[in-house]
file final.txt (compact mmCIF, C-alpha atoms)
# COMPACT_ATOMS: atom_id res chain seq x y z
CA MET A 123 -167.62 66.83 54.35
CA SER A 124 -166.13 70.30 54.63
CA THR A 125 -165.83 72.09 57.96
CA LYS A 126 -167.17 75.61 58.26
CA LEU A 127 -164.60 78.24 59.15
CA THR A 128 -165.56 81.40 61.03
CA LEU A 129 -163.36 84.42 60.38
CA ILE A 130 -162.46 86.05 63.71
CA SER A 131 -160.08 88.75 62.45
CA THR A 132 -158.10 89.83 59.42
CA ASN A 133 -155.34 92.42 59.12
CA LYS A 134 -153.38 93.46 56.06
CA CYS A 135 -149.71 92.80 56.64
CA PHE A 136 -146.72 92.96 54.24
CA GLY A 137 -149.05 92.83 51.24
CA GLY A 138 -150.83 89.73 52.50
CA GLU A 139 -153.35 89.09 55.26
CA GLN A 140 -152.95 87.79 58.79
CA ARG A 141 -156.18 86.05 59.70
CA VAL A 142 -157.56 84.13 62.66
CA TYR A 143 -160.31 81.55 62.20
CA SER A 144 -162.33 79.34 64.49
CA HIS A 145 -164.04 76.06 63.68
CA ASP A 146 -165.83 73.18 65.38
CA SER A 147 -163.24 70.43 65.67
CA SER A 148 -164.42 66.85 65.44
CA THR A 149 -161.03 65.63 66.70
CA VAL A 150 -160.94 67.51 70.01
CA ASP A 151 -164.71 68.02 70.23
CA CYS A 152 -164.67 71.75 70.88
CA VAL A 153 -164.19 75.07 69.07
CA MET A 154 -160.57 75.59 68.01
CA LYS A 155 -158.78 78.66 66.67
CA PHE A 156 -155.82 78.96 64.35
CA GLY A 157 -153.87 81.80 62.76
CA ILE A 158 -152.98 81.84 59.08
CA PHE A 159 -150.82 84.30 57.17
CA LEU A 160 -151.61 84.40 53.45
CA PRO A 161 -149.05 86.17 51.25
CA ALA A 162 -150.41 88.32 48.43
CA ASP A 163 -150.03 85.52 45.87
CA ALA A 164 -152.15 83.17 47.98
CA LEU A 165 -154.88 85.80 48.11
CA ASP A 166 -154.84 85.79 44.31
CA GLY A 167 -155.25 82.00 44.23
CA THR A 168 -151.63 80.96 43.57
CA LYS A 169 -150.96 77.71 45.40
CA LEU A 170 -148.13 77.98 47.91
CA PRO A 171 -146.31 75.72 50.40
CA VAL A 172 -147.32 75.83 54.05
CA VAL A 173 -145.17 76.03 57.17
CA TYR A 174 -146.90 74.98 60.40
CA TRP A 175 -145.85 76.52 63.73
CA LEU A 176 -146.65 74.90 67.09
CA SER A 177 -146.47 77.11 70.17
CA GLY A 178 -145.40 76.38 73.73
CA LEU A 179 -146.92 76.16 77.19
CA THR A 180 -149.57 78.78 78.09
CA CYS A 181 -149.71 80.14 74.52
CA THR A 182 -152.72 80.69 72.31
CA GLU A 183 -152.60 81.26 68.57
CA GLN A 184 -151.90 84.94 69.32
CA ASN A 185 -148.37 84.73 70.75
CA PHE A 186 -146.67 83.77 67.50
CA ILE A 187 -148.82 86.13 65.43
CA THR A 188 -148.00 89.20 67.49
CA LYS A 189 -144.46 88.53 68.79
CA ALA A 190 -142.44 86.55 66.24
CA GLY A 191 -142.31 88.94 63.27
CA ALA A 192 -143.00 86.02 60.95
CA GLN A 193 -145.22 87.76 58.42
CA ARG A 194 -142.43 89.84 56.86
CA ILE A 195 -140.30 86.75 56.28
CA ALA A 196 -143.17 84.61 54.99
CA ALA A 197 -144.23 87.36 52.57
CA LYS A 198 -140.67 87.58 51.22
CA LEU A 199 -140.36 83.79 50.79
CA ASN A 200 -143.94 83.31 49.58
CA LEU A 201 -144.91 80.84 52.29
CA ILE A 202 -148.23 80.39 54.05
CA ILE A 203 -147.92 80.11 57.85
CA VAL A 204 -150.48 78.25 59.97
CA ASN A 205 -150.37 78.27 63.76
CA PRO A 206 -153.01 76.49 65.85
CA ASP A 207 -153.87 76.95 69.51
CA THR A 208 -151.98 74.74 71.98
CA SER A 209 -154.90 72.84 73.51
CA PRO A 210 -158.66 72.45 73.59
CA ARG A 211 -160.37 75.12 75.68
CA GLY A 212 -163.52 75.39 77.75
CA CYS A 213 -164.16 71.65 77.90
CA ASN A 214 -165.28 71.78 81.55
CA ILE A 215 -162.92 69.01 82.62
CA GLU A 216 -162.17 69.11 86.34
CA GLY A 217 -158.63 70.42 86.83
CA GLU A 218 -158.10 71.66 83.27
CA ASP A 219 -157.25 75.18 84.50
CA ASP A 220 -155.37 74.26 87.68
CA SER A 221 -151.79 74.59 86.40
CA TYR A 222 -149.87 76.20 83.56
CA ASP A 223 -148.15 72.98 82.47
CA PHE A 224 -151.13 70.61 82.21
CA GLY A 225 -154.61 71.01 80.74
CA THR A 226 -155.55 74.32 79.12
CA GLY A 227 -152.65 75.75 77.11
CA ALA A 228 -150.66 72.55 77.62
CA GLY A 229 -151.97 69.89 75.23
CA PHE A 230 -148.42 68.57 74.62
CA TYR A 231 -149.39 67.42 71.09
CA VAL A 232 -150.34 63.92 72.23
CA ASP A 233 -153.54 61.89 71.87
CA ALA A 234 -154.67 61.27 75.45
CA THR A 235 -155.64 57.73 76.39
CA THR A 236 -156.70 58.25 80.01
CA GLU A 237 -160.45 58.29 80.56
CA LYS A 238 -160.68 61.87 81.83
CA TRP A 239 -158.76 63.47 78.95
CA LYS A 240 -159.16 61.23 75.90
CA LYS A 241 -162.33 62.83 74.50
CA HIS A 242 -160.83 66.28 74.04
CA TYR A 243 -157.04 66.19 74.43
CA ARG A 244 -156.09 64.81 71.02
CA MET A 245 -153.83 67.57 69.77
CA TYR A 246 -151.51 65.19 67.91
CA SER A 247 -154.30 63.97 65.63
CA TYR A 248 -155.70 67.48 65.39
CA VAL A 249 -152.42 68.77 63.95
CA VAL A 250 -151.43 65.91 61.63
CA SER A 251 -154.90 65.09 60.36
CA GLU A 252 -157.78 67.51 60.85
CA LEU A 253 -155.85 70.79 60.65
CA LEU A 254 -153.86 69.76 57.56
CA GLU A 255 -157.03 68.69 55.76
CA LEU A 256 -158.83 71.87 56.80
CA ILE A 257 -156.06 74.10 55.45
CA ASN A 258 -155.79 72.21 52.17
CA GLU A 259 -159.57 72.31 51.70
CA ASN A 260 -159.98 76.02 52.29
CA PHE A 261 -156.81 77.74 51.10
CA ALA A 262 -154.50 77.88 48.06
CA THR A 263 -151.92 75.33 49.21
CA ILE A 264 -149.61 72.78 47.60
CA PRO A 265 -150.69 69.83 49.78
CA ASP A 266 -147.47 67.82 49.55
CA LYS A 267 -145.23 70.82 50.26
CA LYS A 268 -145.34 71.50 53.98
CA SER A 269 -142.89 71.81 56.85
CA ILE A 270 -143.27 72.15 60.60
CA PHE A 271 -141.52 73.94 63.44
CA GLY A 272 -142.22 75.16 66.94
CA HIS A 273 -141.01 76.38 70.32
CA SER A 274 -140.54 74.54 73.62
CA MET A 275 -143.61 72.27 73.98
CA GLY A 276 -144.33 73.15 70.35
CA GLY A 277 -140.77 72.26 69.34
CA HIS A 278 -141.40 68.87 70.92
CA GLY A 279 -144.68 68.69 69.01
CA ALA A 280 -143.09 69.58 65.68
CA LEU A 281 -140.35 66.98 66.08
CA VAL A 282 -142.85 64.29 67.11
CA CYS A 283 -145.24 65.07 64.24
CA ALA A 284 -142.39 64.87 61.71
CA LEU A 285 -140.75 61.76 63.16
CA LYS A 286 -144.02 59.79 63.53
CA ASN A 287 -145.09 60.55 59.95
CA PRO A 288 -142.14 59.94 57.60
CA GLY A 289 -142.49 62.00 54.43
CA MET A 290 -145.44 64.08 55.65
CA PHE A 291 -143.27 67.14 56.29
CA LYS A 292 -140.34 68.13 54.08
CA SER A 293 -138.35 69.52 57.00
CA VAL A 294 -138.59 70.22 60.71
CA SER A 295 -136.98 72.71 63.09
CA ALA A 296 -137.37 73.82 66.68
CA PHE A 297 -136.51 76.55 69.16
CA ALA A 298 -135.60 75.23 72.62
CA PRO A 299 -137.66 72.04 72.26
CA ILE A 300 -138.61 69.76 75.13
CA ALA A 301 -136.43 67.16 73.49
CA HIS A 302 -136.65 64.27 75.96
CA PRO A 303 -140.00 64.64 77.76
CA ILE A 304 -140.02 61.17 79.32
CA ASN A 305 -137.03 62.33 81.36
CA CYS A 306 -138.12 65.79 82.59
CA SER A 307 -140.74 66.97 85.07
CA TRP A 308 -142.89 68.78 82.49
CA GLY A 309 -143.06 65.69 80.31
CA LYS A 310 -143.57 63.21 83.13
CA LYS A 311 -146.49 65.22 84.53
CA ALA A 312 -148.14 65.62 81.12
CA PHE A 313 -147.57 62.08 79.92
CA GLU A 314 -148.77 60.43 83.13
CA GLY A 315 -151.87 62.61 83.10
CA TYR A 316 -152.72 62.17 79.44
CA LEU A 317 -151.27 58.73 78.69
CA GLY A 318 -151.26 56.87 82.01
CA PRO A 319 -148.35 55.13 83.75
CA ASP A 320 -147.01 52.98 80.86
CA GLU A 321 -143.71 54.56 79.83
CA ASN A 322 -143.65 52.53 76.61
CA ILE A 323 -146.57 54.66 75.44
CA TRP A 324 -144.72 57.80 76.52
CA ARG A 325 -141.84 56.89 74.21
CA GLU A 326 -144.17 57.25 71.21
CA TYR A 327 -144.22 61.01 71.89
CA ASP A 328 -140.55 61.56 72.72
CA ALA A 329 -138.33 62.87 69.90
CA THR A 330 -135.16 61.44 71.44
CA GLU A 331 -136.74 57.97 71.42
CA LEU A 332 -138.47 58.32 68.02
CA VAL A 333 -135.20 59.20 66.26
CA LYS A 334 -133.90 55.73 67.21
CA THR A 335 -136.60 53.94 65.21
CA TYR A 336 -137.18 56.43 62.38
CA SER A 337 -137.15 54.91 58.91
CA GLY A 338 -138.20 57.18 56.12
CA PRO A 339 -136.98 59.94 53.82
CA PRO A 340 -134.03 61.95 55.13
CA LEU A 341 -135.26 64.50 57.66
CA ASP A 342 -133.05 67.57 58.05
CA ILE A 343 -133.44 68.93 61.61
CA LEU A 344 -132.44 72.44 62.73
CA ILE A 345 -132.48 73.33 66.43
CA ASP A 346 -131.67 76.66 68.08
CA GLN A 347 -131.19 76.82 71.84
CA GLY A 348 -130.37 79.83 74.00
CA SER A 349 -127.52 79.27 76.45
CA SER A 350 -129.19 81.44 79.13
CA ASP A 351 -132.51 79.59 78.91
CA GLN A 352 -133.67 78.97 82.48
CA PHE A 353 -135.48 75.80 81.44
CA LEU A 354 -132.33 74.41 79.84
CA LYS A 355 -130.57 74.92 83.17
CA GLU A 356 -133.46 73.25 85.02
CA GLY A 357 -133.20 70.14 82.83
CA GLN A 358 -136.59 70.52 81.15
CA LEU A 359 -135.24 70.61 77.56
CA GLN A 360 -132.26 68.22 77.30
CA PRO A 361 -131.34 68.87 73.64
CA GLU A 362 -128.06 67.04 74.18
CA ARG A 363 -129.97 63.76 74.52
CA LEU A 364 -131.65 64.32 71.17
CA ILE A 365 -128.31 65.14 69.54
CA GLU A 366 -126.85 61.90 70.93
CA SER A 367 -129.76 59.93 69.45
CA CYS A 368 -129.37 61.66 66.09
CA ALA A 369 -125.64 60.87 66.04
CA GLU A 370 -126.25 57.20 66.86
CA SER A 371 -128.99 56.95 64.23
CA LYS A 372 -127.16 59.02 61.58
CA MET A 373 -130.03 61.52 61.50
CA PRO A 374 -128.94 64.89 60.02
CA VAL A 375 -129.23 67.60 62.67
CA VAL A 376 -127.81 71.07 63.17
CA MET A 377 -127.89 72.21 66.80
CA ARG A 378 -126.88 75.81 67.46
CA MET A 379 -126.26 77.05 70.99
CA GLN A 380 -126.94 80.79 70.91
CA GLY A 381 -124.98 82.65 73.57
CA ASP A 382 -126.90 84.55 76.26
CA TYR A 383 -130.35 84.10 74.68
CA ASP A 384 -133.25 83.00 76.89
CA HIS A 385 -136.52 81.10 76.29
CA SER A 386 -138.56 84.07 75.08
CA TYR A 387 -139.92 85.36 71.78
CA PHE A 388 -137.01 87.82 71.68
CA PHE A 389 -134.84 84.76 71.03
CA ILE A 390 -137.28 83.32 68.49
CA ALA A 391 -137.57 86.62 66.59
CA THR A 392 -133.77 86.86 66.36
CA TYR A 393 -133.31 83.56 64.51
CA LEU A 394 -136.71 82.97 62.94
CA GLU A 395 -135.59 83.95 59.45
CA ASP A 396 -132.92 81.22 59.51
CA HIS A 397 -135.64 78.67 60.19
CA PHE A 398 -137.84 79.93 57.38
CA VAL A 399 -134.89 79.75 54.97
CA HIS A 400 -134.21 76.18 56.17
CA HIS A 401 -137.78 75.19 55.33
CA ALA A 402 -137.92 77.12 52.07
CA LYS A 403 -134.86 75.20 50.87
CA HIS A 404 -136.67 71.90 51.43
CA LEU A 405 -139.90 73.21 49.95
CA SER A 406 -138.07 74.04 46.68
CA ILE A 407 -138.76 77.74 46.95
CA LYS A 408 -136.15 80.10 45.54
call {"tool": "encode", "arguments": {"input": "final.txt", "output": "structure tokens"}}
result
Amino acid sequence: MSTKLTLISTNKCFGGEQRVYSHDSSTVDCVMKFGIFLPADALDGTKLPVVYWLSGLTCTEQNFITKAGAQRIAAKLNLIIVNPDTSPRGCNIEGEDDSYDFGTGAGFYVDATTEKWKKHYRMYSYVVSELLELINENFATIPDKKSIFGHSMGGHGALVCALKNPGMFKSVSAFAPIAHPINCSWGKKAFEGYLGPDENIWREYDATELVKTYSGPPLDILIDQGSSDQFLKEGQLQPERLIESCAESKMPVVMRMQGDYDHSYFFIATYLEDHFVHHAKHLSIK
């Protein structure tokens, strides 16, 4: 059964259209929004690959749309971009708006198992199941040609979605990902709240741990990290632990430490084209 999409906005951009839609989500049981950039060819019905972007803490679908400068690059490479919101919203759960790093704007791309959160906070399944199906149903896509990337919490989400679903995504990349969430305060707070106290369950949503057990098609990982990132210095990101796991597991990874860059969209905008080119290569786009 198809899900009805409601068009919230559309703006012509680099020959294509940047749109925002809302829909009633059966997975998270509330209204969700997502952005989609459709290059000119997609508007004419030509089927194109899709690159999914997952945003970080406190973000909505708007941050990437307005700050990253992605549309110019996607138009040039003929790629559709889809970027969902970062959590359910307005679910009237006690405490959902109490802090920036848990609840609203902080879904952490997990499927909650604790009683209070499990009805709505199922962002992992929303991304890898409902959203993918929705996009393929309603837009001119090549369903088996898709890649995923993201920033911070969304970089964690992108890595987890790719590693837990071998072959689903052709490639994955991340900017300043929360690479070892079971070992940092952001991750511990989110995982205990959403998943309960069992750390074995936490490991199922930790890229550093998932790399160790990955068995599937080769997955080429690209990571950019700013050396002046305050959250790197605070120990929230720990990309070095992910690199160690990749080395031990012979998982291809390129990790680039970018001098003096911080955690912001200024950093993302600087290197975003490299990430699109990385994905285009794996999506067989010239």
call {"tool": "closest_residue", "arguments": {"input": "final.txt", "among": "A:Ala369, A:Met245, A:Val294, A:Leu359", "to": "Gly309 of chain A", "atoms": "all atoms listed in the file"}}
result
A:Leu359
call {"tool": "atom_distance", "arguments": {"input": "final.txt", "atom1": "atom CA of Lys311 of chain A", "atom2": "atom CA of Gly227 of chain A"}}
result
14.3 Å
call {"tool": "closest_residue", "arguments": {"input": "final.txt", "among": "A:Ala284, A:Ala197, A:Leu179, A:Val142", "to": "Tyr222 of chain A", "atoms": "only C-alpha atoms"}}
result
A:Leu179
call {"tool": "residues_around", "arguments": {"input": "final.txt", "residues": "Ile365 of chain A", "least_positions_apart": "5", "cutoff": "10 Å", "atoms": "all atoms listed in the file", "output": "list in words"}}
result
Ala301, Thr330, Val333, Ile345, Gln360, Glu370, Ser371, Met373, Pro374, Val375, Val376 and Met377 of chain A
call {"tool": "write_last_selection", "arguments": {"input": "final.txt", "atoms": "C-alpha atoms", "output": "PDB file, in the frame of the given file"}}
result
ATOM      1  CA  ALA A 301    -136.430  67.160  73.490  1.00  0.00           C
ATOM      2  CA  THR A 330    -135.160  61.440  71.440  1.00  0.00           C
ATOM      3  CA  VAL A 333    -135.200  59.200  66.260  1.00  0.00           C
ATOM      4  CA  ILE A 345    -132.480  73.330  66.430  1.00  0.00           C
ATOM      5  CA  GLN A 360    -132.260  68.220  77.300  1.00  0.00           C
ATOM      6  CA  GLU A 370    -126.250  57.200  66.860  1.00  0.00           C
ATOM      7  CA  SER A 371    -128.990  56.950  64.230  1.00  0.00           C
ATOM      8  CA  MET A 373    -130.030  61.520  61.500  1.00  0.00           C
ATOM      9  CA  PRO A 374    -128.940  64.890  60.020  1.00  0.00           C
ATOM     10  CA  VAL A 375    -129.230  67.600  62.670  1.00  0.00           C
ATOM     11  CA  VAL A 376    -127.810  71.070  63.170  1.00  0.00           C
ATOM     12  CA  MET A 377    -127.890  72.210  66.800  1.00  0.00           C
TER      13      MET A 377
END
call {"tool": "atom_distance", "arguments": {"input": "final.txt", "atom1": "atom CA of Leu394 of chain A", "atom2": "atom CA of Val282 of chain A"}}
result
20.1 Å
call {"tool": "atom_distance", "arguments": {"input": "final.txt", "atom1": "atom CA of Leu160 of chain A", "atom2": "atom CA of Leu254 of chain A"}}
result
15.4 Å
call {"tool": "closest_residue", "arguments": {"input": "final.txt", "among": "A:Leu253, A:Ala298, A:Cys283, A:Ile215", "to": "Gly178 of chain A", "atoms": "only C-alpha atoms"}}
result
A:Ala298
call {"tool": "residues_around", "arguments": {"input": "final.txt", "residues": "Asp207 of chain A", "least_positions_apart": "5", "cutoff": "6 Å", "atoms": "all atoms listed in the file", "output": "PDB file with C-alpha atoms, in the frame of the given file"}}
result
ATOM      1  CA  LYS A 155    -158.780  78.660  66.670  1.00  0.00           C
ATOM      2  CA  PHE A 156    -155.820  78.960  64.350  1.00  0.00           C
ATOM      3  CA  THR A 182    -152.720  80.690  72.310  1.00  0.00           C
ATOM      4  CA  GLU A 183    -152.600  81.260  68.570  1.00  0.00           C
TER       5      GLU A 183
END
call {"tool": "closest_residue", "arguments": {"input": "final.txt", "among": "A:Ser148, A:Ala162, A:His273, A:Thr180", "to": "Ser221 of chain A", "atoms": "all atoms listed in the file"}}
result
A:Thr180
call {"tool": "axis_aligned_box", "arguments": {"input": "final.txt", "around": "segment 281-288 of chain A", "padding_each_side": "4 Å", "output": "JSON"}}
result
{"center_x": -142.8, "center_y": 63.4, "center_z": 62.4, "size_x": 12.9, "size_y": 15.2, "size_z": 17.5}
call {"tool": "closest_residue", "arguments": {"input": "final.txt", "among": "A:Gly217, A:Gly318, A:Gly279, A:Pro265", "to": "Lys169 of chain A", "atoms": "all atoms listed in the file"}}
result
A:Pro265
call {"tool": "closest_residue", "arguments": {"input": "final.txt", "among": "A:Val172, A:Glu395, A:Asn133, A:Cys213", "to": "Ile187 of chain A", "atoms": "all atoms listed in the file"}}
result
A:Asn133
call {"tool": "residues_around", "arguments": {"input": "final.txt", "residues": "Lys403 of chain A", "least_positions_apart": "2", "cutoff": "12 Å", "atoms": "only C-alpha atoms", "output": "list in words"}}
result
Pro171, Leu199, Leu201, Lys267, Lys268, Ser269, Lys292, Ser293, Val294, Asp342, Asp396, His397, Phe398, Val399, His400, His401, Leu405, Ser406, Ile407 and Lys408 of chain A
call {"tool": "residues_near_point", "arguments": {"input": "final.txt", "point": "(-156.2, 75.7, 77.4)", "cutoff": "6 Å", "atoms": "only C-alpha atoms", "output": "NGL selection string"}}
result
:A and (209-211 or 225-227)
call {"tool": "write_last_selection", "arguments": {"input": "final.txt", "atoms": "C-alpha atoms", "output": "CSV table (one decimal), keeping the file's coordinate frame"}}
result
chain,number,residue,atom,x,y,z
A,209,SER,CA,-154.9,72.8,73.5
A,210,PRO,CA,-158.7,72.4,73.6
A,211,ARG,CA,-160.4,75.1,75.7
A,225,GLY,CA,-154.6,71.0,80.7
A,226,THR,CA,-155.6,74.3,79.1
A,227,GLY,CA,-152.6,75.8,77.1
call {"tool": "residues_around", "arguments": {"input": "final.txt", "residues": "Asp384 of chain A", "least_positions_apart": "3", "cutoff": "6 Å", "atoms": "all atoms listed in the file", "output": "ChimeraX atom specification"}}
result
/A:348,350-351
call {"tool": "residues_around", "arguments": {"input": "final.txt", "residues": "Ile203 of chain A", "least_positions_apart": "6", "cutoff": "9 Å", "atoms": "all atoms listed in the file", "output": "list in words"}}
result
Gly157, Ile158, Phe159, Leu160, Pro171, Val172, Val173, Tyr174, Trp175, Ala192, Gln193 and Ala196 of chain A
call {"tool": "write_last_selection", "arguments": {"input": "final.txt", "atoms": "C-alpha atoms", "output": "PDB file, in the frame of the given file"}}
result
ATOM      1  CA  GLY A 157    -153.870  81.800  62.760  1.00  0.00           C
ATOM      2  CA  ILE A 158    -152.980  81.840  59.080  1.00  0.00           C
ATOM      3  CA  PHE A 159    -150.820  84.300  57.170  1.00  0.00           C
ATOM      4  CA  LEU A 160    -151.610  84.400  53.450  1.00  0.00           C
ATOM      5  CA  PRO A 171    -146.310  75.720  50.400  1.00  0.00           C
ATOM      6  CA  VAL A 172    -147.320  75.830  54.050  1.00  0.00           C
ATOM      7  CA  VAL A 173    -145.170  76.030  57.170  1.00  0.00           C
ATOM      8  CA  TYR A 174    -146.900  74.980  60.400  1.00  0.00           C
ATOM      9  CA  TRP A 175    -145.850  76.520  63.730  1.00  0.00           C
ATOM     10  CA  ALA A 192    -143.000  86.020  60.950  1.00  0.00           C
ATOM     11  CA  GLN A 193    -145.220  87.760  58.420  1.00  0.00           C
ATOM     12  CA  ALA A 196    -143.170  84.610  54.990  1.00  0.00           C
TER      13      ALA A 196
END
call {"tool": "residues_near_point", "arguments": {"input": "final.txt", "point": "(-140.1, 70.3, 83.9)", "cutoff": "10 Å", "atoms": "all atoms listed in the file", "output": "compact mmCIF listing (two decimals) with C-alpha atoms, in the coordinates of the input"}}
result
# COMPACT_ATOMS: atom_id res chain seq x y z
CA ASP A 223 -148.15 72.98 82.47
CA ILE A 300 -138.61 69.76 75.13
CA PRO A 303 -140.00 64.64 77.76
CA ASN A 305 -137.03 62.33 81.36
CA CYS A 306 -138.12 65.79 82.59
CA SER A 307 -140.74 66.97 85.07
CA TRP A 308 -142.89 68.78 82.49
CA GLY A 309 -143.06 65.69 80.31
CA LYS A 310 -143.57 63.21 83.13
CA LYS A 311 -146.49 65.22 84.53
CA ALA A 312 -148.14 65.62 81.12
CA PHE A 353 -135.48 75.80 81.44
CA LEU A 354 -132.33 74.41 79.84
CA GLU A 356 -133.46 73.25 85.02
CA GLY A 357 -133.20 70.14 82.83
CA GLN A 358 -136.59 70.52 81.15
CA LEU A 359 -135.24 70.61 77.56
